[in-house]
>>> print(open('data.tsv').read())   # TSV, C-alpha atoms and all ligand atoms
chain	number	residue	atom	x	y	z
A	22	SER	CA	-57.35	-23.96	258.73
A	23	LEU	CA	-58.61	-20.69	257.32
A	24	PRO	CA	-57.30	-19.50	253.95
A	25	LYS	CA	-54.51	-16.95	253.90
A	26	VAL	CA	-55.69	-13.56	252.64
A	27	ALA	CA	-53.75	-10.69	251.04
A	28	MET	CA	-55.50	-7.29	251.15
A	29	ILE	CA	-54.19	-4.90	248.50
A	30	GLY	CA	-55.28	-1.39	249.52
A	31	LEU	CA	-55.57	-0.42	253.19
A	32	GLY	CA	-57.42	2.89	252.78
A	33	MET	CA	-60.67	4.11	254.36
A	34	MET	CA	-62.33	0.77	253.55
A	35	GLY	CA	-59.50	-1.76	253.07
A	36	LEU	CA	-58.07	-1.11	256.53
A	37	PRO	CA	-61.24	-1.88	258.54
A	38	MET	CA	-62.11	-4.78	256.20
A	39	ALA	CA	-58.66	-6.35	256.71
A	40	THR	CA	-59.02	-5.77	260.44
A	41	CYS	CA	-62.35	-7.65	260.44
A	42	LEU	CA	-60.67	-10.58	258.69
A	43	LEU	CA	-57.92	-10.59	261.35
A	44	LYS	CA	-60.55	-10.58	264.10
A	45	ALA	CA	-62.29	-13.53	262.42
A	46	GLY	CA	-59.03	-15.47	262.60
A	47	PHE	CA	-57.88	-15.28	258.99
A	48	PRO	CA	-54.15	-14.86	258.45
A	49	VAL	CA	-54.01	-11.49	256.63
A	50	VAL	CA	-51.11	-9.66	255.02
A	51	GLY	CA	-51.74	-6.20	253.61
A	52	ALA	CA	-50.19	-3.93	251.00
A	53	ASP	CA	-50.50	-0.19	250.45
A	54	LEU	CA	-48.31	2.41	248.78
A	55	SER	CA	-49.03	4.80	251.65
A	56	ALA	CA	-46.79	4.48	254.72
A	57	SER	CA	-49.52	5.83	257.01
A	58	ALA	CA	-51.97	3.18	255.79
A	59	ARG	CA	-49.38	0.47	256.47
A	60	ALA	CA	-48.72	1.90	259.93
A	61	ALA	CA	-52.46	1.91	260.69
A	62	PHE	CA	-52.72	-1.78	259.77
A	63	ALA	CA	-49.65	-2.58	261.88
A	64	ALA	CA	-51.32	-0.80	264.81
A	65	ALA	CA	-54.35	-3.07	264.27
A	66	GLY	CA	-52.09	-6.11	264.55
A	67	GLY	CA	-51.47	-6.84	260.87
A	68	ALA	CA	-48.35	-6.96	258.72
A	69	ALA	CA	-48.19	-4.79	255.62
A	70	PHE	CA	-45.86	-4.29	252.68
A	71	GLU	CA	-45.40	-1.42	250.27
A	72	GLN	CA	-45.31	-3.78	247.28
A	73	ALA	CA	-48.32	-6.00	246.63
A	74	ARG	CA	-45.97	-8.70	245.34
A	75	ASP	CA	-44.52	-9.09	248.82
A	76	ALA	CA	-47.97	-9.38	250.39
A	77	VAL	CA	-49.35	-12.13	248.12
A	78	ALA	CA	-46.68	-14.77	248.80
A	79	GLY	CA	-48.53	-17.90	249.94
A	80	ALA	CA	-51.97	-16.25	249.74
A	81	ASP	CA	-55.00	-18.40	248.89
A	82	VAL	CA	-57.24	-15.34	248.44
A	83	VAL	CA	-56.13	-11.95	247.09
A	84	ILE	CA	-58.47	-8.99	247.69
A	85	THR	CA	-58.12	-5.66	245.90
A	86	MET	CA	-59.67	-2.61	247.64
A	87	LEU	CA	-58.29	0.17	245.45
A	88	PRO	CA	-59.80	3.42	244.12
A	89	ASP	CA	-60.97	2.17	240.70
A	90	GLY	CA	-60.82	-0.63	238.15
A	91	ARG	CA	-57.96	0.91	236.19
A	92	ILE	CA	-55.74	0.81	239.27
A	93	VAL	CA	-56.92	-2.74	240.06
A	94	ARG	CA	-56.05	-3.84	236.54
A	95	ASP	CA	-52.63	-2.24	236.82
A	96	ALA	CA	-51.94	-3.90	240.18
A	97	LEU	CA	-52.76	-7.30	238.65
A	98	LEU	CA	-51.50	-7.11	235.08
A	99	GLY	CA	-49.36	-3.96	234.85
A	100	ASP	CA	-45.58	-3.68	235.22
A	101	GLY	CA	-44.63	-5.85	238.19
A	102	GLY	CA	-48.29	-6.89	238.51
A	103	ILE	CA	-49.14	-9.67	240.92
A	104	ALA	CA	-51.14	-11.94	238.57
A	105	ALA	CA	-47.89	-13.26	237.12
A	106	VAL	CA	-46.72	-14.57	240.50
A	107	LEU	CA	-50.02	-16.05	241.73
A	108	PRO	CA	-50.31	-19.84	241.55
A	109	ALA	CA	-53.08	-21.33	239.40
A	110	GLY	CA	-56.35	-21.59	241.31
A	111	THR	CA	-55.76	-18.50	243.47
A	112	LEU	CA	-59.05	-16.71	244.18
A	113	VAL	CA	-58.91	-12.98	243.34
A	114	LEU	CA	-61.69	-10.77	244.73
A	115	ASP	CA	-62.01	-7.20	243.48
A	116	MET	CA	-63.99	-5.48	246.23
A	117	SER	CA	-63.35	-1.99	244.83
A	118	SER	CA	-66.14	-0.14	243.02
A	119	SER	CA	-64.77	-0.84	239.54
A	120	ALA	CA	-66.51	-0.49	236.18
A	121	PRO	CA	-68.21	-3.78	235.15
A	122	ILE	CA	-67.07	-3.75	231.51
A	123	GLY	CA	-63.42	-3.64	232.57
A	124	THR	CA	-64.15	-6.39	235.09
A	125	VAL	CA	-65.43	-8.77	232.42
A	126	ARG	CA	-62.32	-8.14	230.32
A	127	LEU	CA	-60.00	-8.53	233.33
A	128	GLY	CA	-61.75	-11.77	234.29
A	129	ALA	CA	-61.03	-13.27	230.88
A	130	GLU	CA	-57.35	-12.34	231.13
A	131	LEU	CA	-57.08	-13.78	234.63
A	132	ALA	CA	-58.87	-16.95	233.52
A	133	ALA	CA	-56.19	-17.39	230.86
A	134	LEU	CA	-53.69	-17.45	233.76
A	135	GLU	CA	-55.92	-20.03	235.54
A	136	LEU	CA	-56.83	-17.55	238.27
A	137	ARG	CA	-60.36	-17.44	239.70
A	138	PHE	CA	-61.98	-14.01	239.82
A	139	VAL	CA	-65.04	-12.60	241.59
A	140	ASP	CA	-66.16	-8.97	241.72
A	141	ALA	CA	-67.45	-8.32	245.24
A	142	PRO	CA	-67.93	-4.58	245.82
A	143	VAL	CA	-69.42	-3.32	249.06
A	144	SER	CA	-71.89	-0.79	250.39
A	145	GLY	CA	-72.36	0.68	253.85
A	146	GLY	CA	-69.44	3.06	254.20
A	147	VAL	CA	-66.65	3.20	256.74
A	148	ARG	CA	-68.89	2.62	259.77
A	149	ARG	CA	-70.23	-0.68	258.47
A	150	ALA	CA	-66.76	-1.68	257.26
A	151	VAL	CA	-65.54	-1.27	260.85
A	152	ASP	CA	-68.51	-3.26	262.18
A	153	GLY	CA	-68.14	-6.00	259.56
A	154	THR	CA	-71.74	-5.45	258.46
A	155	LEU	CA	-71.26	-4.36	254.84
A	156	ALA	CA	-73.64	-5.29	252.05
A	157	ILE	CA	-71.60	-7.28	249.54
A	158	MET	CA	-72.67	-7.96	245.95
A	159	ALA	CA	-70.72	-10.80	244.37
A	160	GLY	CA	-70.53	-11.54	240.65
A	161	GLY	CA	-68.89	-14.63	239.19
A	162	SER	CA	-69.40	-18.34	238.70
A	163	ALA	CA	-71.51	-19.96	241.40
A	164	ALA	CA	-68.54	-22.11	242.47
A	165	ASP	CA	-66.19	-19.12	242.79
A	166	VAL	CA	-68.75	-17.03	244.70
A	167	GLU	CA	-69.34	-19.94	247.11
A	168	ALA	CA	-65.57	-20.33	247.56
A	169	ALA	CA	-65.37	-16.61	248.41
A	170	ARG	CA	-68.36	-16.64	250.77
A	171	PRO	CA	-66.57	-17.50	254.07
A	172	VAL	CA	-64.09	-14.65	253.54
A	173	LEU	CA	-66.82	-12.22	252.47
A	174	ALA	CA	-69.03	-13.20	255.41
A	175	ALA	CA	-66.32	-11.98	257.80
A	176	MET	CA	-66.71	-8.46	256.38
A	177	GLY	CA	-70.40	-8.29	255.54
A	178	ARG	CA	-73.84	-8.87	256.96
A	179	SER	CA	-75.38	-9.81	253.63
A	180	VAL	CA	-73.59	-11.41	250.71
A	181	PHE	CA	-75.63	-11.42	247.49
A	182	ALA	CA	-74.76	-13.59	244.51
A	183	THR	CA	-75.80	-11.10	241.80
A	184	GLY	CA	-75.06	-13.19	238.70
A	185	PRO	CA	-72.13	-13.50	236.28
A	186	LEU	CA	-68.78	-11.74	236.57
A	187	GLY	CA	-69.25	-7.94	236.49
A	188	SER	CA	-72.78	-8.05	237.89
A	189	GLY	CA	-71.57	-7.09	241.37
A	190	HIS	CA	-69.83	-4.04	239.96
A	191	ALA	CA	-72.89	-3.16	237.86
A	192	MET	CA	-75.15	-3.45	240.90
A	193	LYS	CA	-72.76	-1.36	243.01
A	194	ALA	CA	-72.69	1.48	240.44
A	195	LEU	CA	-76.50	1.43	240.27
A	196	ASN	CA	-76.80	1.45	244.07
A	197	ASN	CA	-74.51	4.45	244.26
A	198	TYR	CA	-76.50	6.20	241.55
A	199	VAL	CA	-79.67	5.82	243.64
A	200	SER	CA	-77.79	6.84	246.79
A	201	ALA	CA	-76.11	9.85	245.14
A	202	ALA	CA	-79.35	11.04	243.56
A	203	GLY	CA	-81.00	10.82	247.00
A	204	LEU	CA	-78.25	12.88	248.60
A	205	LEU	CA	-78.30	15.46	245.82
A	206	ALA	CA	-82.09	15.80	245.99
A	207	SER	CA	-81.96	16.11	249.79
A	208	CYS	CA	-79.29	18.82	249.64
A	209	GLU	CA	-81.27	20.76	247.03
A	210	ALA	CA	-84.40	20.54	249.17
A	211	LEU	CA	-82.38	21.74	252.18
A	212	ALA	CA	-80.98	24.74	250.28
A	213	ILE	CA	-84.39	25.72	248.94
A	214	ALA	CA	-86.13	25.29	252.31
A	215	GLU	CA	-83.44	27.34	254.07
A	216	ALA	CA	-83.79	30.12	251.51
A	217	PHE	CA	-87.51	30.06	252.31
A	218	GLY	CA	-86.70	30.54	255.99
A	219	ILE	CA	-87.15	26.99	257.30
A	220	ALA	CA	-84.60	25.87	259.91
A	221	PRO	CA	-82.30	23.14	258.52
A	222	GLU	CA	-82.86	20.79	261.47
A	223	THR	CA	-86.59	21.13	260.86
A	224	VAL	CA	-86.13	20.20	257.20
A	225	VAL	CA	-84.28	17.01	258.15
A	226	ASP	CA	-86.77	16.11	260.90
A	227	VAL	CA	-89.73	16.56	258.54
A	228	LEU	CA	-88.11	14.54	255.75
A	229	ASN	CA	-87.24	11.73	258.18
A	230	ALA	CA	-90.85	11.53	259.39
A	231	SER	CA	-92.17	11.66	255.83
A	232	THR	CA	-91.92	9.89	252.50
A	233	GLY	CA	-88.82	11.85	251.42
A	234	ARG	CA	-86.82	9.94	254.01
A	235	ASN	CA	-83.78	8.12	252.61
A	236	ASN	CA	-80.34	6.94	253.76
A	237	SER	CA	-78.88	10.43	253.23
A	238	THR	CA	-81.59	12.22	255.21
A	239	GLU	CA	-81.19	9.64	257.99
A	240	THR	CA	-77.43	9.20	258.21
A	241	LYS	CA	-75.70	12.04	256.37
A	242	LEU	CA	-77.47	15.41	256.60
A	243	LYS	CA	-77.19	16.06	260.34
A	244	PRO	CA	-73.84	14.35	261.13
A	245	PHE	CA	-71.89	15.48	258.08
A	246	VAL	CA	-73.67	18.39	256.34
A	247	LEU	CA	-75.42	20.48	259.00
A	248	SER	CA	-72.51	19.94	261.41
A	249	GLY	CA	-70.10	21.15	258.75
A	250	THR	CA	-67.70	18.26	259.46
A	251	PHE	CA	-68.04	16.51	256.08
A	252	GLY	CA	-66.37	13.47	257.65
A	253	SER	CA	-68.15	10.53	256.02
A	254	GLY	CA	-64.87	8.99	254.81
A	255	PHE	CA	-66.11	8.58	251.23
A	256	ALA	CA	-64.48	10.92	248.75
A	257	LEU	CA	-66.55	12.98	246.31
A	258	ALA	CA	-64.17	12.00	243.51
A	259	LEU	CA	-64.97	8.31	244.13
A	260	MET	CA	-68.72	8.98	244.08
A	261	ALA	CA	-68.36	10.96	240.84
A	262	LYS	CA	-66.49	7.95	239.38
A	263	ASP	CA	-69.34	5.62	240.42
A	264	LEU	CA	-71.94	7.90	238.78
A	265	ARG	CA	-69.92	7.93	235.56
A	266	THR	CA	-69.76	4.12	235.69
A	267	ALA	CA	-73.55	3.93	236.14
A	268	ALA	CA	-74.22	6.40	233.30
A	269	ASP	CA	-71.86	4.52	230.98
A	270	LEU	CA	-73.67	1.29	231.85
A	271	ALA	CA	-77.03	2.89	231.06
A	272	ALA	CA	-75.72	4.01	227.67
A	273	GLU	CA	-74.24	0.55	227.05
A	274	VAL	CA	-77.63	-1.13	227.48
A	275	GLY	CA	-79.40	1.62	225.51
A	276	ILE	CA	-81.24	3.30	228.38
A	277	GLU	CA	-80.34	6.94	227.90
A	278	GLU	CA	-81.69	10.41	228.64
A	279	GLY	CA	-82.64	9.38	232.16
A	280	LEU	CA	-81.87	11.08	235.45
A	281	ILE	CA	-78.68	9.02	235.61
A	282	GLU	CA	-76.71	11.03	233.01
A	283	CYS	CA	-77.90	14.31	234.52
A	284	SER	CA	-76.77	13.16	237.98
A	285	ALA	CA	-73.40	11.97	236.67
A	286	ARG	CA	-72.76	15.38	235.08
A	287	LYS	CA	-73.72	17.19	238.28
A	288	TRP	CA	-71.31	15.07	240.37
A	289	GLU	CA	-68.54	15.55	237.82
A	290	GLN	CA	-69.05	19.34	237.92
A	291	ALA	CA	-68.82	19.22	241.71
A	292	ARG	CA	-65.65	17.12	241.54
A	293	ALA	CA	-64.04	19.64	239.19
A	294	GLY	CA	-65.25	22.58	241.27
A	295	LEU	CA	-64.31	21.42	244.77
A	296	ARG	CA	-60.87	20.77	246.31
A	297	PRO	CA	-59.31	17.36	245.44
A	298	GLY	CA	-59.84	15.62	248.79
A	299	ALA	CA	-63.45	16.78	249.20
A	300	ASP	CA	-65.87	14.42	250.97
A	301	HIS	CA	-68.90	13.32	248.96
A	302	THR	CA	-71.22	15.06	251.44
A	303	GLU	CA	-69.68	18.36	250.24
A	304	ILE	CA	-71.98	18.04	247.23
A	305	SER	CA	-74.22	20.12	249.57
A	306	SER	CA	-72.01	23.18	249.18
A	307	PHE	CA	-72.19	22.72	245.43
A	308	VAL	CA	-75.98	23.02	245.47
A	309	GLY	CA	-75.76	26.01	247.79
A	310	THR	CA	-76.68	24.49	251.16
A	311	ARG	CA	-75.54	26.68	254.04
A	312	HIS	CA	-74.00	24.95	257.02
A	313	LYS	CA	-72.52	25.87	260.38
A	314	ALA	CA	-68.89	25.44	259.31
B	401	LIG	P1	-59.01	5.21	249.73
B	401	LIG	O1	-58.50	6.19	248.74
B	401	LIG	O2	-59.19	5.61	251.15
B	401	LIG	O3	-58.08	3.90	249.74
B	401	LIG	C1	-57.41	3.41	248.62
B	401	LIG	C2	-56.03	2.94	249.09
B	401	LIG	O4	-55.37	2.30	248.00
B	401	LIG	C3	-55.12	4.09	249.54
B	401	LIG	O5	-54.66	3.84	250.86
B	401	LIG	C4	-53.98	4.07	248.53
B	401	LIG	O6	-52.72	4.42	249.10
B	401	LIG	C5	-53.99	2.63	248.09
B	401	LIG	N1	-53.41	2.36	246.76
B	401	LIG	C6	-53.64	3.01	245.60
B	401	LIG	N2	-52.98	2.40	244.59
B	401	LIG	C7	-52.35	1.33	245.13
B	401	LIG	C8	-51.54	0.29	244.60
B	401	LIG	N3	-51.24	0.24	243.30
B	401	LIG	N4	-51.06	-0.66	245.45
B	401	LIG	C9	-51.34	-0.60	246.77
B	401	LIG	N5	-52.12	0.35	247.33
B	401	LIG	C10	-52.61	1.30	246.51
B	401	LIG	O7	-60.39	4.66	249.12
B	401	LIG	P2	-61.57	3.90	249.88
B	401	LIG	O8	-62.54	4.92	250.37
B	401	LIG	O9	-61.01	2.88	250.79
B	401	LIG	O10	-62.28	3.18	248.63
B	401	LIG	C11	-61.76	2.00	248.02
B	401	LIG	C12	-62.81	1.50	247.04
B	401	LIG	O11	-64.02	1.23	247.74
B	401	LIG	C13	-63.18	2.54	245.96
B	401	LIG	O12	-63.45	1.87	244.75
B	401	LIG	C14	-64.45	3.18	246.52
B	401	LIG	O13	-65.26	3.72	245.48
B	401	LIG	C15	-65.09	2.00	247.21
B	401	LIG	N6	-65.99	2.30	248.34
B	401	LIG	C16	-65.71	3.26	249.26
B	401	LIG	C17	-66.59	3.49	250.33
B	401	LIG	C18	-66.34	4.54	251.38
B	401	LIG	O14	-67.26	4.85	252.14
B	401	LIG	N7	-65.14	5.10	251.51
B	401	LIG	C19	-67.76	2.72	250.43
B	401	LIG	C20	-68.00	1.71	249.49
B	401	LIG	C21	-67.11	1.50	248.45
>>> encode(input="data.tsv", output="structure tokens")
Amino acid sequence: SLPKVAMIGLGMMGLPMATCLLKAGFPVVGADLSASARAAFAAAGGAAFEQARDAVAGADVVITMLPDGRIVRDALLGDGGIAAVLPAGTLVLDMSSSAPIGTVRLGAELAALELRFVDAPVSGGVRRAVDGTLAIMAGGSAADVEAARPVLAAMGRSVFATGPLGSGHAMKALNNYVSAAGLLASCEALAIAEAFGIAPETVVDVLNASTGRNNSTETKLKPFVLSGTFGSGFALALMAKDLRTAADLAAEVGIEEGLIECSARKWEQARAGLRPGADHTEISSFVGTRHKA
């Protein structure tokens, strides 16, 4: 029979990921501090608790899908943390976009409790989480990553073994750096072209038929920026966190003064300047792009 899974965090991503696991036949119990998140999982046919401790009883695999690594650490090892109640051998998967250095440290502490730990962050956004077609980058021992693979395969189209513990989180931060830089560059180009009198739809069409084409020009500019809906489901604050993680990683390995630090600062300025719940596509308003709001 399939392993029992506990999903800690039923937000924009955790909810559709847990729902994919249910559809694949895994027994899934969820946990989220938010009552509306719990209600949404119940509506999808799952059971959810407010306290993670209540959700992990009997679980073979515990997944965290929380905002950042500090919150993941707290859920596992903080006051009332779940690590203390997990039986030896339980497989813990942190699928959040956490910082890799904290992940390595957390892994050592969990290993001391005889828990297995894999970092398995995801890319593809809410749409691909719903479809179960995420890209998943898994760091950890080969045996632990292979043990996690059947669960991960129910949520993703491609599951990469990226190397040792923390390498998934490192790869995720670097992916989001490239993605965020592409979005920022596209929004700047849009603002400049508009100021020059070029219609915004024309800008996007030309980029998409040319070498400036990227994931943002293809999937974000028209649906979320030009429409003025800003409904991607990925918060700007989370993207700013990912850019900081990537810039810190660059500094850690001694590769500094690149575009990465400049991008991280720009996203942090936007986070501080925009309202708290802003969507990451609202970076466009920060670089001056007009839209049809
Ligand atoms: P979210 O804010 O929508 O969801 C986080 C959920 O965690 C919330 O429902 C919150 O109530 C819950 N929560 C917070 N602390 C908790 C705790 N201690 N115990 C239980 N529940 C708790 O965030 P999200 O967009 O789902 O992102 C989750 C992670 O995935 C982040 O690290 C993010 O960077 C990453 N990510 C997001 C996207 C995206 O498109 N939204 C894509 C890829 C990766």
>>> atom_distance(input="data.tsv", atom1="atom CA of A:Leu155", atom2="atom CA of A:Phe70")
25.5 Å
>>> atom_distance(input="data.tsv", atom1="atom CA of A:Gly79", atom2="atom CA of A:Ala109")
12.0 Å
>>> closest_atom_pairs(input="data.tsv", of="chain A", to="ligand LIG 401 (chain B)", cutoff="8 Å", atoms="all atoms listed in the file", output="CSV")
residue,atom,partner,partner_atom,distance
A:Ile29,CA,B:LIG401,C9,5.4
A:Gly30,CA,B:LIG401,O4,4.0
A:Leu31,CA,B:LIG401,O5,4.9
A:Gly32,CA,B:LIG401,O3,3.3
A:Met33,CA,B:LIG401,O9,3.8
A:Met34,CA,B:LIG401,O9,3.7
A:Gly35,CA,B:LIG401,O9,5.4
A:Leu36,CA,B:LIG401,O9,7.6
A:Ala52,CA,B:LIG401,C9,5.5
A:Asp53,CA,B:LIG401,N5,3.6
A:Leu54,CA,B:LIG401,N5,4.6
A:Ser55,CA,B:LIG401,O6,4.5
A:Ala58,CA,B:LIG401,O5,5.7
A:Glu71,CA,B:LIG401,C9,6.9
A:Gln72,CA,B:LIG401,N4,6.8
A:Ala73,CA,B:LIG401,N4,6.1
A:Met86,CA,B:LIG401,C11,5.1
A:Leu87,CA,B:LIG401,O4,4.4
A:Pro88,CA,B:LIG401,C13,3.9
A:Asp89,CA,B:LIG401,O12,4.8
A:Gly90,CA,B:LIG401,O12,7.5
A:Ile92,CA,B:LIG401,N3,6.1
A:Val93,CA,B:LIG401,N3,7.2
A:Asp95,CA,B:LIG401,N3,7.1
A:Ala96,CA,B:LIG401,N3,5.2
A:Met116,CA,B:LIG401,O11,6.9
A:Ser117,CA,B:LIG401,O12,3.9
A:Ser118,CA,B:LIG401,O12,3.8
A:Ser119,CA,B:LIG401,O12,6.0
A:Pro142,CA,B:LIG401,C21,6.7
A:Val143,CA,B:LIG401,C20,5.2
A:Ser144,CA,B:LIG401,C20,4.7
A:Gly145,CA,B:LIG401,C19,6.1
A:Gly146,CA,B:LIG401,O14,3.5
A:Val147,CA,B:LIG401,O14,4.9
A:Ser253,CA,B:LIG401,O14,6.9
A:Gly254,CA,B:LIG401,N7,5.1
A:Phe255,CA,B:LIG401,N7,3.6
A:Ala256,CA,B:LIG401,N7,6.5
A:Leu259,CA,B:LIG401,O13,4.8
A:Met260,CA,B:LIG401,O13,6.4
A:Lys262,CA,B:LIG401,O13,7.5
A:Asp263,CA,B:LIG401,O13,6.8
>>> atom_distance(input="data.tsv", atom1="atom CA of A:Leu136", atom2="atom CA of A:Ser162")
12.6 Å
>>> closest_residue(input="data.tsv", among="A:Phe251, A:Asn229, A:Val308, A:Ala104", to="A:Ala210", atoms="all atoms listed in the file")
A:Val308
>>> residues_near_point(input="data.tsv", point="(-77.2, 7.2, 246.7)", cutoff="12 Å", atoms="all atoms listed in the file", output="CSV table (one decimal) with C-alpha atoms, keeping the file's coordinate frame")
chain,number,residue,atom,x,y,z
A,144,SER,CA,-71.9,-0.8,250.4
A,145,GLY,CA,-72.4,0.7,253.8
A,146,GLY,CA,-69.4,3.1,254.2
A,193,LYS,CA,-72.8,-1.4,243.0
A,194,ALA,CA,-72.7,1.5,240.4
A,195,LEU,CA,-76.5,1.4,240.3
A,196,ASN,CA,-76.8,1.4,244.1
A,197,ASN,CA,-74.5,4.4,244.3
A,198,TYR,CA,-76.5,6.2,241.6
A,199,VAL,CA,-79.7,5.8,243.6
A,200,SER,CA,-77.8,6.8,246.8
A,201,ALA,CA,-76.1,9.8,245.1
A,202,ALA,CA,-79.4,11.0,243.6
A,203,GLY,CA,-81.0,10.8,247.0
A,204,LEU,CA,-78.2,12.9,248.6
A,205,LEU,CA,-78.3,15.5,245.8
A,206,ALA,CA,-82.1,15.8,246.0
A,207,SER,CA,-82.0,16.1,249.8
A,235,ASN,CA,-83.8,8.1,252.6
A,236,ASN,CA,-80.3,6.9,253.8
A,237,SER,CA,-78.9,10.4,253.2
A,238,THR,CA,-81.6,12.2,255.2
A,240,THR,CA,-77.4,9.2,258.2
A,241,LYS,CA,-75.7,12.0,256.4
A,260,MET,CA,-68.7,9.0,244.1
A,261,ALA,CA,-68.4,11.0,240.8
A,263,ASP,CA,-69.3,5.6,240.4
A,264,LEU,CA,-71.9,7.9,238.8
A,267,ALA,CA,-73.6,3.9,236.1
A,281,ILE,CA,-78.7,9.0,235.6
A,284,SER,CA,-76.8,13.2,238.0
A,285,ALA,CA,-73.4,12.0,236.7
A,288,TRP,CA,-71.3,15.1,240.4
A,301,HIS,CA,-68.9,13.3,249.0
A,302,THR,CA,-71.2,15.1,251.4
>>> residues_around(input="data.tsv", residues="A:Glu135", least_positions_apart="4", cutoff="10 Å", atoms="all atoms listed in the file", output="JSON, numbers by chain")
{"A": [104, 107, 108, 109, 110, 111, 112, 129, 130, 131]}
>>> closest_atom_pairs(input="data.tsv", of="stretch 218-292 of chain A", to="stretch 187-192 of chain A", cutoff="12 Å", atoms="all atoms listed in the file", output="CSV")
residue,atom,partner,partner_atom,distance
A:Asp263,CA,A:His190,CA,9.7
A:Leu264,CA,A:Ala191,CA,11.1
A:Arg265,CA,A:Ala191,CA,11.7
A:Thr266,CA,A:Ala191,CA,8.2
A:Ala267,CA,A:Ala191,CA,7.3
A:Ala268,CA,A:Ala191,CA,10.7
A:Asp269,CA,A:Ala191,CA,10.4
A:Leu270,CA,A:Ala191,CA,7.5
A:Ala271,CA,A:Ala191,CA,10.0
A:Glu273,CA,A:Ala191,CA,11.5
A:Val274,CA,A:Ala191,CA,11.6
>>> residues_around(input="data.tsv", residues="A:Arg292", least_positions_apart="5", cutoff="9 Å", atoms="only C-alpha atoms", output="VMD selection string")
chain A and resid 257 to 258 261 287 297 299 301 304
>>> residues_near_point(input="data.tsv", point="(-86.1, 22.7, 249.7)", cutoff="12 Å", atoms="all atoms listed in the file", output="list of chain:residue names")
A:Leu205, A:Ala206, A:Ser207, A:Cys208, A:Glu209, A:Ala210, A:Leu211, A:Ala212, A:Ile213, A:Ala214, A:Glu215, A:Ala216, A:Phe217, A:Gly218, A:Ile219, A:Ala220, A:Pro221, A:Thr223, A:Val224, A:Val225, A:Val227, A:Leu228, A:Gly233, A:Val308, A:Gly309, A:Thr310
>>> write_last_selection(input="data.tsv", atoms="C-alpha atoms", output="PDB file, in the coordinates of the input")
ATOM      1  CA  LEU A 205     -78.300  15.460 245.820  1.00  0.00           C
ATOM      2  CA  ALA A 206     -82.090  15.800 245.990  1.00  0.00           C
ATOM      3  CA  SER A 207     -81.960  16.110 249.790  1.00  0.00           C
ATOM      4  CA  CYS A 208     -79.290  18.820 249.640  1.00  0.00           C
ATOM      5  CA  GLU A 209     -81.270  20.760 247.030  1.00  0.00           C
ATOM      6  CA  ALA A 210     -84.400  20.540 249.170  1.00  0.00           C
ATOM      7  CA  LEU A 211     -82.380  21.740 252.180  1.00  0.00           C
ATOM      8  CA  ALA A 212     -80.980  24.740 250.280  1.00  0.00           C
ATOM      9  CA  ILE A 213     -84.390  25.720 248.940  1.00  0.00           C
ATOM     10  CA  ALA A 214     -86.130  25.290 252.310  1.00  0.00           C
ATOM     11  CA  GLU A 215     -83.440  27.340 254.070  1.00  0.00           C
ATOM     12  CA  ALA A 216     -83.790  30.120 251.510  1.00  0.00           C
ATOM     13  CA  PHE A 217     -87.510  30.060 252.310  1.00  0.00           C
ATOM     14  CA  GLY A 218     -86.700  30.540 255.990  1.00  0.00           C
ATOM     15  CA  ILE A 219     -87.150  26.990 257.300  1.00  0.00           C
ATOM     16  CA  ALA A 220     -84.600  25.870 259.910  1.00  0.00           C
ATOM     17  CA  PRO A 221     -82.300  23.140 258.520  1.00  0.00           C
ATOM     18  CA  THR A 223     -86.590  21.130 260.860  1.00  0.00           C
ATOM     19  CA  VAL A 224     -86.130  20.200 257.200  1.00  0.00           C
ATOM     20  CA  VAL A 225     -84.280  17.010 258.150  1.00  0.00           C
ATOM     21  CA  VAL A 227     -89.730  16.560 258.540  1.00  0.00           C
ATOM     22  CA  LEU A 228     -88.110  14.540 255.750  1.00  0.00           C
ATOM     23  CA  GLY A 233     -88.820  11.850 251.420  1.00  0.00           C
ATOM     24  CA  VAL A 308     -75.980  23.020 245.470  1.00  0.00           C
ATOM     25  CA  GLY A 309     -75.760  26.010 247.790  1.00  0.00           C
ATOM     26  CA  THR A 310     -76.680  24.490 251.160  1.00  0.00           C
TER      27      THR A 310
END
>>> residues_around(input="data.tsv", residues="A:Ala27", least_positions_apart="5", cutoff="10 Å", atoms="all atoms listed in the file", output="ChimeraX atom specification")
/A:39,48-52,69,73-85,113
